[in-house]
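Note sheet for the following structure.
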Amino acid sequence: MFIYKEFKVEKQSDENVRAITNAPYYAYVKISEGCNNTCAFCVIPNIRGRLKSRTMEDIEQEIDMLQVKGVKEIIIISQDTTQYGMDIYGEERLIPLMKRLTSRFNNLLFRMLYLNPEGVTKEVIKFVAETENVIKYFEVPVQHASDKILTKMRRASTRQVIDNVFDTIRKECPEAFIRTTFIVGFPGESEEDFNELYKFIEDKKPDYAGFFPYYKEEGSIAYNYNDDIDEKTKKERIKKLQSLQKKITSARLREYKKKEFLCFIDKVNDDFEFILEGRALFQAPDTDGKLYVTDGIADNGSGPYKCIINKIAYPDIYVTFLENNNG
Ligand code: SF4
């Protein structure tokens, strides 16, 4: 039987209180805008300009308001999260910012997204591993694994840096989920480069990954590259990688069949009113599949609730709430 008290949010009249358009228990907080990198496939720096960080006080004020609205999970975003503070403080200040936020708002959960590999230092990894209210989840966009392609993409990380980030996360924070993204079929991507990428995924086993066919963006540096890969090859390569990733993600989820974990509930399923829909803490919104509750009492609104997996339907999971399930 289900009891689901929907989490209602009062309408705010204060203009400074931003509307939350997703399920109201979580909110995205942008800590900076723009980017100082010059990745060849990207036009964001042209559109948004160079890095502009918000002050710590300004970010705190926004989270204060979100807390009043009943938000439980804060998702820290930007174009290049680990570079936070370089422009206004003259040095990277992500860790001082996060230390300040996680101790001041110690009843909220924090998740950090868009952590480019070159900024994921041992200090960042240890901070995530050791801070109770930071979700053990790293979103590290890698884009490729061949040094030849990474250089052509003008990415700031080499393969060695990327390998080191994955190895250090696995060592220092083994329970963490790692999500990454790859661009497939970048101009000049040979069969050998593709095989290197495939082997990287096989070896490092990211828990979740998104694969995007390279798309020429007008105004980007790569727009003028003339060694494009044909669409058919891109599709075939993506299909191979997706099938490999399915095996890796499914294996990691199977490990969770024996474990208790926390989840949030977003809503009652649109098609079946006896099924609740949400996500585990190891799933970020909109990217890592959904969680469905087929048995349990959601008497605490959005949660969090303790649950266990009873079925995996990649990339989604079906769970059962545990008795005394309030997280
Ligand atoms: S891909 Fe990301 S890091 Fe690279 S230029 Fe674009 S926004 Fe910056």
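Following the order of the structure tokens, first chain is A, next is B, and so on, with residues numbered from 1 inside each chain and ligands from 1 in the order they appear.
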(message) Give me, as a VMD selection string, the set of residues whose atoms come within 12 Å of any atom of ligand 1, counting only C-alpha atoms and all ligand atoms.
(response) chain A and resid 32 to 51 77 to 83 113 to 119 140 to 143 150 153 to 157 181 to 183 217 220 to 222
Selection from above, C-alpha atoms, as a PDB file, in the first residue's frame, can you write it?
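Saved file again_7.pdb follows:
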ATOM      1  CA  SER A  32      30.028  30.421 -11.499  1.00  0.00           C
ATOM      2  CA  GLU A  33      29.245  31.223 -15.098  1.00  0.00           C
ATOM      3  CA  GLY A  34      31.493  31.053 -18.164  1.00  0.00           C
ATOM      4  CA  CYS A  35      34.719  29.181 -18.757  1.00  0.00           C
ATOM      5  CA  ASN A  36      38.396  29.942 -19.336  1.00  0.00           C
ATOM      6  CA  ASN A  37      39.064  26.789 -21.371  1.00  0.00           C
ATOM      7  CA  THR A  38      39.086  26.617 -25.146  1.00  0.00           C
ATOM      8  CA  CYS A  39      37.848  23.124 -25.974  1.00  0.00           C
ATOM      9  CA  ALA A  40      37.748  22.875 -29.755  1.00  0.00           C
ATOM     10  CA  PHE A  41      34.205  21.477 -29.971  1.00  0.00           C
ATOM     11  CA  CYS A  42      32.584  23.972 -27.597  1.00  0.00           C
ATOM     12  CA  VAL A  43      31.066  27.419 -28.061  1.00  0.00           C
ATOM     13  CA  ILE A  44      30.158  28.085 -24.427  1.00  0.00           C
ATOM     14  CA  PRO A  45      33.098  30.458 -23.810  1.00  0.00           C
ATOM     15  CA  ASN A  46      31.955  32.487 -26.866  1.00  0.00           C
ATOM     16  CA  ILE A  47      28.425  32.680 -25.522  1.00  0.00           C
ATOM     17  CA  ARG A  48      28.950  32.971 -21.768  1.00  0.00           C
ATOM     18  CA  GLY A  49      32.373  34.560 -21.668  1.00  0.00           C
ATOM     19  CA  ARG A  50      35.206  33.908 -19.249  1.00  0.00           C
ATOM     20  CA  LEU A  51      34.768  32.469 -15.753  1.00  0.00           C
ATOM     21  CA  ILE A  77      26.868  23.323 -11.014  1.00  0.00           C
ATOM     22  CA  SER A  78      28.876  25.599 -13.288  1.00  0.00           C
ATOM     23  CA  GLN A  79      30.712  25.184 -16.578  1.00  0.00           C
ATOM     24  CA  ASP A  80      33.957  24.240 -14.822  1.00  0.00           C
ATOM     25  CA  THR A  81      33.247  23.631 -11.139  1.00  0.00           C
ATOM     26  CA  THR A  82      36.768  23.049  -9.827  1.00  0.00           C
ATOM     27  CA  GLN A  83      37.883  26.434 -11.174  1.00  0.00           C
ATOM     28  CA  LEU A 113      28.648  18.212 -11.059  1.00  0.00           C
ATOM     29  CA  TYR A 114      30.956  19.168 -13.983  1.00  0.00           C
ATOM     30  CA  LEU A 115      34.270  18.370 -12.359  1.00  0.00           C
ATOM     31  CA  ASN A 116      36.782  18.473 -15.211  1.00  0.00           C
ATOM     32  CA  PRO A 117      39.486  15.831 -14.609  1.00  0.00           C
ATOM     33  CA  GLU A 118      42.408  18.252 -14.264  1.00  0.00           C
ATOM     34  CA  GLY A 119      40.661  19.841 -11.255  1.00  0.00           C
ATOM     35  CA  VAL A 140      33.967  13.880 -14.471  1.00  0.00           C
ATOM     36  CA  PRO A 141      33.531  14.677 -18.182  1.00  0.00           C
ATOM     37  CA  VAL A 142      36.416  12.920 -19.907  1.00  0.00           C
ATOM     38  CA  GLN A 143      35.338  13.311 -23.589  1.00  0.00           C
ATOM     39  CA  LEU A 150      42.376  14.955 -26.371  1.00  0.00           C
ATOM     40  CA  MET A 153      40.031  18.661 -28.708  1.00  0.00           C
ATOM     41  CA  ARG A 154      42.242  21.109 -26.757  1.00  0.00           C
ATOM     42  CA  ARG A 155      41.206  19.453 -23.509  1.00  0.00           C
ATOM     43  CA  ALA A 156      43.215  20.420 -20.442  1.00  0.00           C
ATOM     44  CA  SER A 157      43.625  16.791 -19.285  1.00  0.00           C
ATOM     45  CA  THR A 181      30.663  11.731 -20.957  1.00  0.00           C
ATOM     46  CA  PHE A 182      32.391  10.992 -24.249  1.00  0.00           C
ATOM     47  CA  ILE A 183      32.305  12.625 -27.647  1.00  0.00           C
ATOM     48  CA  GLU A 217      29.117  23.731 -33.776  1.00  0.00           C
ATOM     49  CA  SER A 220      33.823  26.474 -32.538  1.00  0.00           C
ATOM     50  CA  ILE A 221      37.513  25.894 -33.299  1.00  0.00           C
ATOM     51  CA  ALA A 222      36.791  22.390 -34.623  1.00  0.00           C
TER      52      ALA A 222
END
(message) Please return, as a PyMOL selection string, all residues of stretch 115-211 of chain A that DSSP assigns to strand (DSSP E) on the basis of the backbone.
(response) chain A and resi 137-139+177-184+208-211
Next, write the just-selected residues to a file, as a short mmCIF file (atom, residue, chain, number, x, y, z; two decimals), in the first residue's frame, keeping C-alpha atoms as the atom set.
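For reference, again22.cif as written:
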data_model
loop_
_atom_site.label_atom_id
_atom_site.label_comp_id
_atom_site.auth_asym_id
_atom_site.auth_seq_id
_atom_site.Cartn_x
_atom_site.Cartn_y
_atom_site.Cartn_z
CA TYR A 137 29.22 10.85 -6.78
CA PHE A 138 31.74 12.30 -9.22
CA GLU A 139 30.70 13.67 -12.57
CA PHE A 177 29.67 6.36 -8.45
CA ILE A 178 31.54 7.97 -11.35
CA ARG A 179 29.65 9.45 -14.30
CA THR A 180 31.41 10.63 -17.40
CA THR A 181 30.66 11.73 -20.96
CA PHE A 182 32.39 10.99 -24.25
CA ILE A 183 32.31 12.63 -27.65
CA VAL A 184 32.47 9.91 -30.29
CA TYR A 208 27.46 5.76 -15.78
CA ALA A 209 28.43 7.29 -19.10
CA GLY A 210 26.83 9.37 -21.84
CA PHE A 211 28.01 9.02 -25.46
#
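By chain and then residue number, the residues within 6 Å of A:Ile275 are Asn269, Val293 and Thr294 of chain A, counting only C-alpha atoms and disregarding those fewer than 4 positions away in sequence.
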Go ahead and dump the residues you just picked, C-alpha atoms, as a short mmCIF file (atom, residue, chain, number, x, y, z; two decimals), in the first residue's frame.
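After the write, selection09.cif holds the following:
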data_model
loop_
_atom_site.label_atom_id
_atom_site.label_comp_id
_atom_site.auth_asym_id
_atom_site.auth_seq_id
_atom_site.Cartn_x
_atom_site.Cartn_y
_atom_site.Cartn_z
CA ASN A 269 4.26 7.46 -11.92
CA VAL A 293 9.08 1.81 -5.84
CA THR A 294 6.78 -1.15 -6.12
#
(request) Pick out the closest residue to A:Phe321 from this set: A:Gly296, A:Gly70, A:Gly301, A:Pro187. Count only C-alpha atoms. (result)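 Among A:Gly296, A:Gly70, A:Gly301, A:Pro187, it is A:Gly296 that comes nearest to A:Phe321.
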Using only C-alpha atoms, what does the table of stretch 94-190 of chain A residues within 12 Å of stretch 23-31 of chain A look like, with each row giving the shortest atom pair and its distance in Å to one decimal, sorted by chain and ascending number, as JSON lines?
{"residue": "A:Leu94", "atom": "CA", "partner": "A:Ile31", "partner_atom": "CA", "distance": 9.3}
{"residue": "A:Leu97", "atom": "CA", "partner": "A:Ile31", "partner_atom": "CA", "distance": 9.6}
{"residue": "A:Met98", "atom": "CA", "partner": "A:Ile31", "partner_atom": "CA", "distance": 10.7}
{"residue": "A:Leu101", "atom": "CA", "partner": "A:Val29", "partner_atom": "CA", "distance": 11.8}
{"residue": "A:Leu108", "atom": "CA", "partner": "A:Tyr26", "partner_atom": "CA", "distance": 9.8}
{"residue": "A:Leu109", "atom": "CA", "partner": "A:Tyr26", "partner_atom": "CA", "distance": 9.2}
{"residue": "A:Phe110", "atom": "CA", "partner": "A:Tyr26", "partner_atom": "CA", "distance": 9.6}
{"residue": "A:Arg111", "atom": "CA", "partner": "A:Tyr28", "partner_atom": "CA", "distance": 9.4}
{"residue": "A:Met112", "atom": "CA", "partner": "A:Tyr28", "partner_atom": "CA", "distance": 9.7}
{"residue": "A:Leu113", "atom": "CA", "partner": "A:Tyr28", "partner_atom": "CA", "distance": 9.8}
{"residue": "A:Tyr114", "atom": "CA", "partner": "A:Lys30", "partner_atom": "CA", "distance": 11.0}
Prev. selection, C-alpha atoms, output as a short mmCIF file (atom, residue, chain, number, x, y, z; two decimals), in the first residue's frame:
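See out18.cif below for the written result:
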data_model
loop_
_atom_site.label_atom_id
_atom_site.label_comp_id
_atom_site.auth_asym_id
_atom_site.auth_seq_id
_atom_site.Cartn_x
_atom_site.Cartn_y
_atom_site.Cartn_z
CA LEU A 94 35.97 25.09 -4.44
CA LEU A 97 33.40 27.04 -0.45
CA MET A 98 32.17 23.48 -0.02
CA LEU A 101 28.43 25.22 2.82
CA LEU A 108 21.31 19.31 3.49
CA LEU A 109 22.93 16.92 1.03
CA PHE A 110 25.34 18.31 -1.58
CA ARG A 111 26.28 16.93 -4.99
CA MET A 112 28.89 18.47 -7.28
CA LEU A 113 28.65 18.21 -11.06
CA TYR A 114 30.96 19.17 -13.98
#
Can you list, as a PDB file with N, CA and C atoms, in the first residue's frame, all residues belonging to stretch 74-113 of chain A that DSSP tags as helix (DSSP H, G or I)?
ATOM      1  N   THR A  81      33.465  23.465 -12.583  1.00  0.00           N
ATOM      2  CA  THR A  81      33.247  23.631 -11.139  1.00  0.00           C
ATOM      3  C   THR A  81      34.527  23.772 -10.320  1.00  0.00           C
ATOM      4  N   THR A  82      35.564  23.015 -10.670  1.00  0.00           N
ATOM      5  CA  THR A  82      36.768  23.049  -9.827  1.00  0.00           C
ATOM      6  C   THR A  82      37.542  24.356  -9.969  1.00  0.00           C
ATOM      7  N   GLN A  83      37.191  25.146 -10.992  1.00  0.00           N
ATOM      8  CA  GLN A  83      37.883  26.434 -11.174  1.00  0.00           C
ATOM      9  C   GLN A  83      37.252  27.544 -10.337  1.00  0.00           C
ATOM     10  N   MET A  86      38.784  31.317  -9.048  1.00  0.00           N
ATOM     11  CA  MET A  86      40.025  31.781  -9.688  1.00  0.00           C
ATOM     12  C   MET A  86      39.962  33.271 -10.030  1.00  0.00           C
ATOM     13  N   ASP A  87      38.816  33.727 -10.509  1.00  0.00           N
ATOM     14  CA  ASP A  87      38.703  35.115 -10.967  1.00  0.00           C
ATOM     15  C   ASP A  87      38.575  36.103  -9.814  1.00  0.00           C
ATOM     16  N   ILE A  88      37.798  35.755  -8.780  1.00  0.00           N
ATOM     17  CA  ILE A  88      37.568  36.750  -7.722  1.00  0.00           C
ATOM     18  C   ILE A  88      38.469  36.576  -6.509  1.00  0.00           C
ATOM     19  N   TYR A  89      38.987  35.367  -6.308  1.00  0.00           N
ATOM     20  CA  TYR A  89      39.857  35.155  -5.143  1.00  0.00           C
ATOM     21  C   TYR A  89      41.316  34.907  -5.547  1.00  0.00           C
ATOM     22  N   LEU A  94      37.115  25.996  -4.535  1.00  0.00           N
ATOM     23  CA  LEU A  94      35.968  25.086  -4.442  1.00  0.00           C
ATOM     24  C   LEU A  94      35.899  24.412  -3.068  1.00  0.00           C
ATOM     25  N   ILE A  95      37.048  23.946  -2.600  1.00  0.00           N
ATOM     26  CA  ILE A  95      37.024  23.212  -1.315  1.00  0.00           C
ATOM     27  C   ILE A  95      36.660  24.152  -0.154  1.00  0.00           C
ATOM     28  N   PRO A  96      37.289  25.349  -0.046  1.00  0.00           N
ATOM     29  CA  PRO A  96      36.832  26.245   1.018  1.00  0.00           C
ATOM     30  C   PRO A  96      35.333  26.561   0.927  1.00  0.00           C
ATOM     31  N   LEU A  97      34.838  26.762  -0.294  1.00  0.00           N
ATOM     32  CA  LEU A  97      33.400  27.038  -0.453  1.00  0.00           C
ATOM     33  C   LEU A  97      32.579  25.854   0.061  1.00  0.00           C
ATOM     34  N   MET A  98      32.961  24.652  -0.386  1.00  0.00           N
ATOM     35  CA  MET A  98      32.168  23.477  -0.022  1.00  0.00           C
ATOM     36  C   MET A  98      32.271  23.171   1.474  1.00  0.00           C
ATOM     37  N   LYS A  99      33.429  23.448   2.067  1.00  0.00           N
ATOM     38  CA  LYS A  99      33.569  23.230   3.517  1.00  0.00           C
ATOM     39  C   LYS A  99      32.615  24.158   4.262  1.00  0.00           C
ATOM     40  N   ARG A 100      32.571  25.389   3.788  1.00  0.00           N
ATOM     41  CA  ARG A 100      31.701  26.381   4.411  1.00  0.00           C
ATOM     42  C   ARG A 100      30.223  25.970   4.261  1.00  0.00           C
ATOM     43  N   LEU A 101      29.839  25.561   3.059  1.00  0.00           N
ATOM     44  CA  LEU A 101      28.434  25.219   2.819  1.00  0.00           C
ATOM     45  C   LEU A 101      28.019  23.950   3.563  1.00  0.00           C
ATOM     46  N   THR A 102      28.887  22.934   3.520  1.00  0.00           N
ATOM     47  CA  THR A 102      28.483  21.655   4.128  1.00  0.00           C
ATOM     48  C   THR A 102      28.433  21.749   5.652  1.00  0.00           C
ATOM     49  N   SER A 103      29.245  22.650   6.239  1.00  0.00           N
ATOM     50  CA  SER A 103      29.136  22.743   7.698  1.00  0.00           C
ATOM     51  C   SER A 103      27.990  23.686   8.098  1.00  0.00           C
ATOM     52  N   ARG A 104      27.778  24.736   7.358  1.00  0.00           N
ATOM     53  CA  ARG A 104      26.665  25.626   7.706  1.00  0.00           C
ATOM     54  C   ARG A 104      25.310  24.954   7.470  1.00  0.00           C
TER      55      ARG A 104
END
(request) Find the distance between atom CA of A:Arg279 and atom CA of A:Leu291 and write it in Å to one decimal. (result)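 Between atom CA of A:Arg279 and atom CA of A:Leu291 the gap works out to 4.7 Å.
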(request) Within 12 Å of stretch 253-256 of chain A, counting only C-alpha atoms, which residues show up once you throw out same-chain ones fewer than 3 positions away? Write them as a PyMOL selection string, please. (result) chain A and resi 175+177+207-208+246-250+259-262+280+282-283+288-289+291+307-319
